[in-house]
file work.txt (compact mmCIF, C-alpha atoms)
# COMPACT_ATOMS: atom_id res chain seq x y z
CA MET A 196 -151.71 -46.80 -213.60
CA MET A 197 -153.75 -49.75 -212.38
CA LEU A 198 -155.68 -51.93 -214.83
CA ALA A 199 -158.99 -50.64 -213.47
CA ASP A 200 -157.84 -47.04 -214.02
CA LEU A 201 -156.99 -47.90 -217.63
CA SER A 202 -160.45 -49.41 -218.06
CA ALA A 203 -162.07 -46.25 -216.68
CA ALA A 204 -159.91 -44.11 -218.99
CA LEU A 205 -161.06 -46.19 -221.96
CA LEU A 206 -164.72 -45.56 -221.11
CA LEU A 207 -163.96 -41.86 -220.70
CA PHE A 208 -162.34 -41.79 -224.15
CA SER A 209 -165.38 -43.49 -225.71
CA LEU A 210 -167.66 -40.94 -224.02
CA LEU A 211 -165.55 -38.06 -225.31
CA MET A 212 -165.56 -39.40 -228.86
CA TYR A 213 -169.34 -39.82 -228.80
CA LEU A 214 -169.92 -36.30 -227.48
CA ALA A 215 -167.50 -34.76 -229.96
CA LEU A 216 -168.65 -36.62 -233.07
CA ASP A 217 -172.37 -37.17 -232.54
CA GLY A 218 -172.90 -33.68 -231.14
CA THR A 219 -172.58 -32.07 -234.55
CA ASP A 220 -175.16 -34.23 -236.32
CA VAL A 221 -177.60 -34.07 -233.38
CA GLY A 222 -177.24 -30.28 -233.46
CA VAL A 223 -177.92 -30.23 -237.20
CA GLY A 224 -181.01 -32.37 -236.63
CA ILE A 225 -182.39 -29.86 -234.13
CA LEU A 226 -181.61 -27.03 -236.56
CA PHE A 227 -184.12 -28.43 -239.03
CA TYR A 228 -186.60 -26.20 -237.16
CA SER A 229 -184.77 -23.06 -238.34
CA PHE A 230 -184.33 -24.06 -241.98
CA ASP A 231 -187.72 -24.96 -243.40
CA GLN A 232 -186.94 -24.91 -247.13
CA PRO A 233 -186.87 -28.44 -248.65
CA GLN A 234 -183.59 -27.81 -250.47
CA GLN A 235 -181.90 -26.52 -247.32
CA ARG A 236 -182.99 -29.56 -245.35
CA GLN A 237 -181.83 -31.86 -248.13
CA TRP A 238 -178.35 -30.32 -248.01
CA MET A 239 -178.31 -30.65 -244.23
CA ALA A 240 -179.35 -34.30 -244.35
CA HIS A 241 -176.75 -35.10 -247.00
CA THR A 242 -173.95 -33.86 -244.73
CA LEU A 243 -175.05 -36.33 -242.03
CA LEU A 244 -175.89 -39.50 -243.96
CA PRO A 245 -172.30 -40.75 -244.47
CA LEU A 246 -171.30 -40.20 -240.82
CA TRP A 247 -174.14 -40.60 -238.33
CA ASP A 248 -173.90 -44.39 -237.91
CA ALA A 249 -170.14 -44.32 -237.36
CA ASN A 250 -170.56 -41.57 -234.75
CA GLU A 251 -172.87 -43.75 -232.67
CA THR A 252 -170.36 -46.61 -232.73
CA TRP A 253 -168.70 -44.90 -229.77
CA LEU A 254 -171.91 -45.13 -227.75
CA VAL A 255 -172.00 -48.88 -228.38
CA LEU A 256 -168.38 -49.18 -227.24
CA LEU A 257 -169.18 -47.14 -224.13
CA ALA A 258 -172.19 -49.24 -223.13
CA GLY A 259 -170.54 -52.56 -223.95
CA GLY A 260 -167.34 -51.56 -222.21
CA MET A 261 -169.22 -50.50 -219.08
CA LEU A 262 -171.07 -53.83 -218.97
CA ALA A 263 -167.85 -55.81 -219.29
CA LEU A 264 -165.49 -53.65 -217.22
CA PHE A 265 -167.73 -52.22 -214.48
CA PRO A 266 -170.87 -54.41 -214.26
CA PRO A 267 -172.10 -52.99 -210.90
CA LEU A 268 -172.14 -49.48 -212.39
CA TYR A 269 -173.94 -50.72 -215.50
CA SER A 270 -176.51 -52.53 -213.34
CA LEU A 271 -177.12 -49.53 -211.07
CA LEU A 272 -177.58 -47.05 -213.90
CA LEU A 273 -179.86 -49.41 -215.80
CA GLN A 274 -182.02 -50.00 -212.73
CA THR A 275 -182.34 -46.38 -211.62
CA LEU A 276 -182.32 -44.59 -214.98
CA HIS A 277 -184.03 -47.14 -217.22
CA VAL A 278 -186.82 -44.76 -218.29
CA PRO A 279 -184.63 -41.85 -219.53
CA LEU A 280 -182.13 -44.32 -221.01
CA LEU A 281 -184.91 -46.06 -222.93
CA LEU A 282 -186.23 -42.71 -224.16
CA PHE A 283 -182.69 -41.78 -225.24
CA LEU A 284 -182.27 -45.00 -227.25
CA LEU A 285 -185.72 -44.53 -228.77
CA ALA A 286 -184.77 -40.98 -229.78
CA LEU A 287 -181.62 -42.25 -231.49
CA PHE A 288 -183.67 -44.87 -233.35
CA MET A 289 -186.26 -42.31 -234.50
CA ARG A 290 -183.49 -39.94 -235.64
CA ALA A 291 -181.99 -42.68 -237.79
CA LEU A 292 -185.40 -43.58 -239.18
CA ALA A 293 -186.20 -39.97 -240.10
CA LEU A 294 -182.78 -39.32 -241.60
CA VAL A 295 -182.54 -42.46 -243.74
CA TYR A 296 -186.11 -42.61 -245.03
CA ARG A 297 -186.86 -38.91 -245.61
CA SER A 298 -185.60 -39.15 -249.20
CA GLN A 299 -187.79 -42.19 -249.95
CA VAL A 300 -191.21 -40.71 -249.17
CA GLY A 301 -193.40 -37.99 -250.65
CA ASP A 302 -193.55 -34.36 -249.58
CA SER A 303 -196.14 -34.97 -246.87
CA GLY A 304 -194.24 -37.90 -245.40
CA ARG A 305 -190.99 -35.95 -245.55
CA ARG A 306 -192.51 -33.10 -243.53
CA TRP A 307 -193.59 -35.56 -240.85
CA LEU A 308 -190.17 -37.21 -240.79
CA ASP A 309 -188.54 -33.81 -240.46
CA ARG A 310 -190.68 -33.12 -237.40
CA VAL A 311 -189.61 -36.49 -236.00
CA MET A 312 -186.00 -35.51 -236.70
CA ILE A 313 -186.33 -32.26 -234.74
CA VAL A 314 -188.04 -33.80 -231.70
CA SER A 315 -185.84 -36.91 -231.56
CA SER A 316 -182.66 -34.87 -231.98
CA LEU A 317 -183.76 -32.54 -229.18
CA LEU A 318 -184.34 -35.53 -226.89
CA ALA A 319 -181.04 -37.13 -227.97
CA ALA A 320 -179.27 -33.95 -226.84
CA PHE A 321 -181.22 -33.12 -223.67
CA LEU A 322 -181.50 -36.58 -222.12
CA PRO A 323 -177.74 -37.38 -221.94
CA GLY A 324 -177.09 -33.98 -220.38
CA TRP A 325 -179.89 -34.44 -217.85
CA ILE A 326 -178.75 -37.99 -217.03
CA SER A 327 -175.16 -36.78 -216.59
CA GLY A 328 -176.43 -34.05 -214.27
CA LEU A 329 -178.33 -36.61 -212.19
CA ILE A 330 -175.17 -38.70 -211.87
CA LEU A 331 -172.88 -35.78 -211.02
CA VAL A 332 -175.17 -34.38 -208.32
CA SER A 333 -175.82 -37.79 -206.75
CA ARG A 334 -174.61 -38.19 -203.18
CA PRO A 335 -174.59 -41.08 -200.69
CA PRO A 336 -176.70 -42.59 -199.29
CA THR A 337 -179.49 -41.88 -201.80
CA GLY A 338 -177.28 -42.34 -204.87
CA VAL A 339 -178.65 -41.69 -208.34
CA VAL A 340 -182.33 -40.76 -208.32
CA ILE A 341 -184.56 -39.26 -210.97
CA ASP A 342 -185.62 -35.75 -210.04
CA PHE A 343 -186.23 -32.43 -211.72
CA THR A 344 -183.97 -30.16 -209.71
CA LEU A 345 -182.44 -27.16 -211.45
CA ALA A 346 -178.83 -28.30 -211.88
CA PRO A 347 -179.52 -31.49 -213.91
CA LEU A 348 -182.08 -29.66 -216.05
CA LEU A 349 -179.52 -26.94 -216.77
CA CYS A 350 -177.02 -29.66 -217.70
CA GLY A 351 -179.53 -30.95 -220.25
CA LEU A 352 -180.20 -27.47 -221.63
CA GLY A 353 -176.47 -26.75 -221.75
CA VAL A 354 -175.82 -29.87 -223.84
CA VAL A 355 -178.62 -28.86 -226.22
CA ALA A 356 -177.11 -25.38 -226.54
CA ILE A 357 -173.55 -26.59 -227.15
CA TYR A 358 -174.79 -29.15 -229.71
CA LEU A 359 -176.61 -26.35 -231.53
CA VAL A 360 -173.43 -24.28 -231.55
CA MET A 361 -171.61 -27.25 -233.08
CA GLY A 362 -174.42 -27.79 -235.57
CA CYS A 363 -174.29 -24.16 -236.71
CA CYS A 364 -170.54 -24.41 -237.18
CA TRP A 365 -170.97 -27.63 -239.13
CA LEU A 366 -173.48 -26.01 -241.51
CA CYS A 367 -171.17 -23.06 -242.15
CA TRP A 368 -168.29 -25.41 -242.84
CA ARG A 369 -169.96 -28.18 -244.84
CA ILE A 370 -172.62 -26.18 -246.72
CA GLY A 371 -171.39 -22.61 -246.59
CA GLU A 372 -173.01 -19.57 -248.13
CA PRO A 373 -176.60 -20.79 -248.65
CA LEU A 374 -177.05 -21.26 -244.88
CA SER A 375 -174.13 -19.50 -243.23
CA GLU A 376 -175.73 -16.12 -242.42
CA ARG A 377 -178.68 -17.67 -240.57
CA ALA A 378 -176.41 -20.26 -238.89
CA ARG A 379 -174.04 -17.58 -237.57
CA SER A 380 -176.84 -15.57 -235.98
CA LEU A 381 -178.27 -18.68 -234.31
CA CYS A 382 -174.80 -19.68 -233.16
CA MET A 383 -174.35 -16.49 -231.16
CA LEU A 384 -177.70 -16.98 -229.41
CA TRP A 385 -176.99 -20.57 -228.40
CA TRP A 386 -173.41 -19.77 -227.38
CA VAL A 387 -174.76 -17.24 -224.86
CA ILE A 388 -177.25 -19.81 -223.55
CA ALA A 389 -174.50 -22.45 -223.26
CA LEU A 390 -172.29 -20.05 -221.30
CA ALA A 391 -175.17 -19.11 -218.97
CA CYS A 392 -175.95 -22.79 -218.30
CA PHE A 393 -172.28 -23.57 -217.63
CA VAL A 394 -171.87 -20.74 -215.12
CA SER A 395 -175.18 -21.60 -213.42
CA VAL A 396 -174.26 -25.26 -212.96
CA LEU A 397 -170.82 -24.25 -211.72
CA LEU A 398 -172.42 -22.07 -209.03
CA LEU A 399 -175.16 -24.55 -208.12
CA GLU A 400 -172.91 -27.64 -207.90
CA PRO A 401 -169.32 -26.55 -207.22
CA THR A 402 -168.18 -29.70 -205.37
CA LEU A 403 -166.63 -31.65 -208.24
CA TRP A 404 -165.00 -28.53 -209.64
CA GLN A 405 -163.47 -27.77 -206.25
CA GLN A 406 -162.17 -31.33 -205.98
CA SER A 407 -160.75 -31.10 -209.49
CA TRP A 408 -158.93 -27.89 -208.49
CA GLN A 409 -157.11 -29.85 -205.77
CA ARG A 410 -155.24 -31.90 -208.40
CA TRP A 411 -152.72 -30.33 -210.75
CA PRO A 412 -154.23 -31.74 -214.00
CA GLY A 413 -157.64 -30.43 -212.99
CA ARG A 414 -156.17 -27.07 -212.03
CA ILE A 415 -154.54 -26.70 -215.45
CA LEU A 416 -157.75 -27.68 -217.24
CA LEU A 417 -159.91 -25.32 -215.18
CA CYS A 418 -157.50 -22.46 -215.91
CA LEU A 419 -157.91 -23.22 -219.62
CA LEU A 420 -161.71 -22.96 -219.56
CA PRO A 421 -162.03 -19.14 -219.39
CA LEU A 422 -159.46 -18.85 -222.17
CA LEU A 423 -161.43 -21.26 -224.36
CA TRP A 424 -164.68 -19.33 -223.80
CA LEU A 425 -162.82 -16.15 -224.81
CA VAL A 426 -161.41 -17.78 -227.95
CA GLN A 427 -164.92 -18.92 -228.84
CA LEU A 428 -166.21 -15.37 -228.54
CA ILE A 429 -163.39 -14.05 -230.74
CA ALA A 430 -164.09 -16.76 -233.32
CA LEU A 431 -167.77 -15.80 -233.34
CA TRP A 432 -166.93 -12.12 -233.76
CA ARG A 433 -164.54 -12.87 -236.65
CA GLU A 434 -167.01 -15.40 -238.14
CA ALA A 435 -164.32 -18.11 -238.04
CA MET A 436 -166.80 -20.96 -237.72
CA VAL A 437 -164.38 -23.83 -238.33
CA LEU A 438 -162.12 -22.47 -235.60
CA LEU A 439 -165.15 -22.14 -233.33
CA LEU A 440 -166.06 -25.78 -233.95
CA MET A 441 -162.53 -26.97 -233.16
CA VAL A 442 -162.36 -24.88 -229.98
CA THR A 443 -165.80 -26.14 -228.90
CA LEU A 444 -164.68 -29.74 -229.34
CA LEU A 445 -161.57 -28.99 -227.31
CA MET A 446 -163.66 -27.34 -224.60
CA ILE A 447 -165.94 -30.39 -224.34
CA GLY A 448 -162.85 -32.51 -223.77
CA VAL A 449 -161.50 -30.11 -221.15
CA VAL A 450 -164.81 -30.01 -219.23
CA VAL A 451 -165.25 -33.79 -219.23
CA ILE A 452 -161.65 -34.53 -218.20
CA ALA A 453 -161.74 -31.83 -215.50
CA LEU A 454 -164.90 -33.39 -214.05
CA ALA A 455 -163.22 -36.81 -214.22
CA CYS A 456 -160.29 -35.40 -212.22
CA GLY A 457 -162.72 -34.23 -209.55
CA LEU A 458 -164.58 -37.54 -209.57
CA TYR A 459 -161.53 -39.83 -209.30
CA PRO A 460 -161.23 -42.41 -207.72
CA TRP A 461 -165.02 -42.84 -207.79
CA LEU A 462 -167.30 -44.00 -210.57
CA LEU A 463 -170.12 -42.09 -208.87
CA PRO A 464 -169.49 -39.20 -206.45
CA GLY A 465 -168.58 -40.69 -203.07
CA GLN A 466 -169.75 -44.17 -204.03
CA MET A 467 -168.57 -47.09 -206.19
CA ALA A 468 -164.78 -46.84 -206.17
CA ILE A 469 -163.08 -47.74 -209.45
CA GLN A 470 -160.81 -50.39 -207.98
CA GLN A 471 -163.56 -52.11 -206.01
CA GLN A 472 -166.20 -52.21 -208.74
CA ALA A 473 -164.03 -53.31 -211.65
CA SER A 474 -164.40 -56.77 -213.14
CA SER A 475 -161.69 -59.41 -212.76
CA PRO A 476 -158.20 -58.67 -214.17
CA VAL A 477 -158.64 -61.48 -216.73
CA THR A 478 -161.86 -59.90 -218.03
CA GLN A 479 -160.32 -56.44 -218.10
CA GLY A 480 -157.26 -57.69 -219.97
CA PHE A 481 -159.42 -59.47 -222.56
CA VAL A 482 -161.70 -56.46 -223.14
CA LEU A 483 -158.84 -53.96 -223.27
CA THR A 484 -157.03 -56.11 -225.83
CA GLY A 485 -160.14 -56.18 -227.99
CA MET A 486 -160.59 -52.43 -227.61
CA ALA A 487 -156.97 -51.86 -228.62
CA ILE A 488 -157.86 -53.51 -231.94
CA LEU A 489 -161.30 -51.94 -232.42
CA LEU A 490 -160.49 -48.32 -231.54
CA PRO A 491 -157.91 -47.73 -234.33
CA LEU A 492 -160.22 -49.41 -236.85
CA THR A 493 -163.13 -47.21 -235.78
CA LEU A 494 -160.97 -44.09 -236.05
CA LEU A 495 -159.78 -45.15 -239.51
CA TYR A 496 -163.37 -45.70 -240.63
CA HIS A 497 -164.34 -42.25 -239.39
CA SER A 498 -161.44 -40.63 -241.21
CA TRP A 499 -162.13 -42.52 -244.41
CA SER A 500 -165.85 -41.66 -244.38
CA PHE A 501 -165.16 -37.98 -243.83
CA TRP A 502 -162.51 -37.89 -246.56
CA VAL A 503 -164.72 -39.61 -249.14
CA PHE A 504 -167.69 -37.30 -248.48
CA LYS A 505 -165.75 -34.09 -247.84
CA ARG A 506 -167.29 -32.26 -250.82
CA GLN A 507 -170.02 -29.74 -250.01
CA PRO A 508 -173.43 -31.22 -250.95
CA HIS A 509 -174.75 -28.21 -252.90
CA LYS A 510 -171.82 -28.07 -255.32
call {"tool": "encode", "arguments": {"input": "work.txt", "output": "structure tokens"}}
result
Amino acid sequence: MMLADLSAALLLFSLLMYLALDGTDVGVGILFYSFDQPQQRQWMAHTLLPLWDANETWLVLLAGGMLALFPPLYSLLLQTLHVPLLLFLLALFMRALALVYRSQVGDSGRRWLDRVMIVSSLLAAFLPGWISGLILVSRPPTGVVIDFTLAPLLCGLGVVAIYLVMGCCWLCWRIGEPLSERARSLCMLWWVIALACFVSVLLLEPTLWQQSWQRWPGRILLCLLPLLWLVQLIALWREAMVLLLMVTLLMIGVVVIALACGLYPWLLPGQMAIQQQASSPVTQGFVLTGMAILLPLTLLYHSWSFWVFKRQPHK
């Protein structure tokens, strides 16, 4: 493996960790719309407070790593997608504001902050999916452009749906009986929507999936996808919500890595080759050494935070 390939793999790992870890708390934030009792929302917020900031550490590593390792890609995305990226960062900021300060205001202020939490969480889920769709459907010579075609919009809706599935599973696991019945019924609805979005995008934009099929890792991963959807359905039917959450996390990893197999050796489809757009070997070596130190520490912090606050908040 070339040094540039290792750098790209590191960014892919940071992206996967962000999607897997932040997806649950973004999904819970959107679910505030379905649980309107103050006590229910307090329990939901308490499950997120110890973890949300550590989850977003991976986004910082992704953005910083892209700037240092692939500056032309960072520059291009920032120039062409600056408006949705700015809205995404603003949504993350407003989520944090609503989550941290909701316990320090009165009832009226808390209701307003809860509305901010719902809207900002919805944007924090939809915008990354839409942006990813814009990148994946981009083709030379136009490159990445902002448009409202169906495939990117379905990518955004699909991310919202899968985050809501994860959020429902999280509530069943971390809070349990007070919210589990409502969460399970919502989970089935959003699972169906996520599956419909996935199939629609697959039919509308099959190019990367076909390219992934040409390589043996991609072929194995694509063969796993129907099995994972089936296991999810069985877990829903048996109300095994923790199993459903674990399988959903695995499926996110499979989808992202399968798309990466179809995309390789490009950073963008048909444009910006990894080897040509990477920074100098000295820079890559320095950044990768730093990441080799930071990644285990970040993982340890995540594990420690979850272990300390593993108790269900209503007990």
call {"tool": "residues_near_point", "arguments": {"input": "work.txt", "point": "(-182.0, -25.5, -235.6)", "cutoff": "9 Å", "atoms": "all atoms listed in the file", "output": "list in words"}}
result
Gly222, Val223, Gly224, Ile225, Leu226, Phe227, Tyr228, Ser229, Phe230, Ile313, Leu359, Gly362, Cys363, Ala378 and Leu381 of chain A
call {"tool": "residues_around", "arguments": {"input": "work.txt", "residues": "Leu294 (chain A)", "least_positions_apart": "6", "cutoff": "12 Å", "atoms": "all atoms listed in the file", "output": "VMD selection string"}}
result
chain A and resid 220 to 221 223 to 224 227 236 to 248 287 to 288 300 305 to 313 315 to 316
call {"tool": "closest_residue", "arguments": {"input": "work.txt", "among": "A:Leu292, A:Ala286, A:Leu262, A:Leu345", "to": "Leu322 (chain A)", "atoms": "only C-alpha atoms"}}
result
A:Ala286
call {"tool": "residues_near_point", "arguments": {"input": "work.txt", "point": "(-158.5, -32.5, -211.7)", "cutoff": "7 Å", "atoms": "all atoms listed in the file", "output": "list in words"}}
result
Gln406, Ser407, Trp408, Gln409, Arg410, Trp411, Pro412, Gly413, Arg414, Ala453, Leu454, Ala455, Cys456 and Gly457 of chain A
call {"tool": "write_last_selection", "arguments": {"input": "work.txt", "atoms": "C-alpha atoms", "output": "short mmCIF file (atom, residue, chain, number, x, y, z; two decimals), in the frame of the given file"}}
result
data_model
loop_
_atom_site.label_atom_id
_atom_site.label_comp_id
_atom_site.auth_asym_id
_atom_site.auth_seq_id
_atom_site.Cartn_x
_atom_site.Cartn_y
_atom_site.Cartn_z
CA GLN A 406 -162.17 -31.33 -205.98
CA SER A 407 -160.75 -31.10 -209.49
CA TRP A 408 -158.93 -27.89 -208.49
CA GLN A 409 -157.11 -29.85 -205.77
CA ARG A 410 -155.24 -31.90 -208.40
CA TRP A 411 -152.72 -30.33 -210.75
CA PRO A 412 -154.23 -31.74 -214.00
CA GLY A 413 -157.64 -30.43 -212.99
CA ARG A 414 -156.17 -27.07 -212.03
CA ALA A 453 -161.74 -31.83 -215.50
CA LEU A 454 -164.90 -33.39 -214.05
CA ALA A 455 -163.22 -36.81 -214.22
CA CYS A 456 -160.29 -35.40 -212.22
CA GLY A 457 -162.72 -34.23 -209.55
#
call {"tool": "closest_residue", "arguments": {"input": "work.txt", "among": "A:Ala199, A:Ala391, A:Leu422, A:Leu348", "to": "Val449 (chain A)", "atoms": "only C-alpha atoms"}}
result
A:Leu422
call {"tool": "closest_atom_pairs", "arguments": {"input": "work.txt", "of": "region 247-323 of chain A", "to": "region 481-492 of chain A", "cutoff": "8 Å", "atoms": "all atoms listed in the file", "output": "CSV"}}
result
residue,atom,partner,partner_atom,distance
A:Gly260,CA,A:Val482,CA,7.5
A:Ala263,CA,A:Val482,CA,7.3
A:Leu264,CA,A:Val482,CA,7.6
call {"tool": "write_last_selection", "arguments": {"input": "work.txt", "atoms": "C-alpha atoms", "output": "compact mmCIF listing (two decimals), in the coordinates of the input"}}
result
# COMPACT_ATOMS: atom_id res chain seq x y z
CA GLY A 260 -167.34 -51.56 -222.21
CA ALA A 263 -167.85 -55.81 -219.29
CA LEU A 264 -165.49 -53.65 -217.22
call {"tool": "closest_residue", "arguments": {"input": "work.txt", "among": "A:Thr493, A:Leu398, A:Cys364, A:Ser380", "to": "Ala435 (chain A)", "atoms": "all atoms listed in the file"}}
result
A:Cys364
call {"tool": "atom_distance", "arguments": {"input": "work.txt", "atom1": "CA of Leu271 (chain A)", "atom2": "CA of Ala346 (chain A)"}}
result
21.3 Å
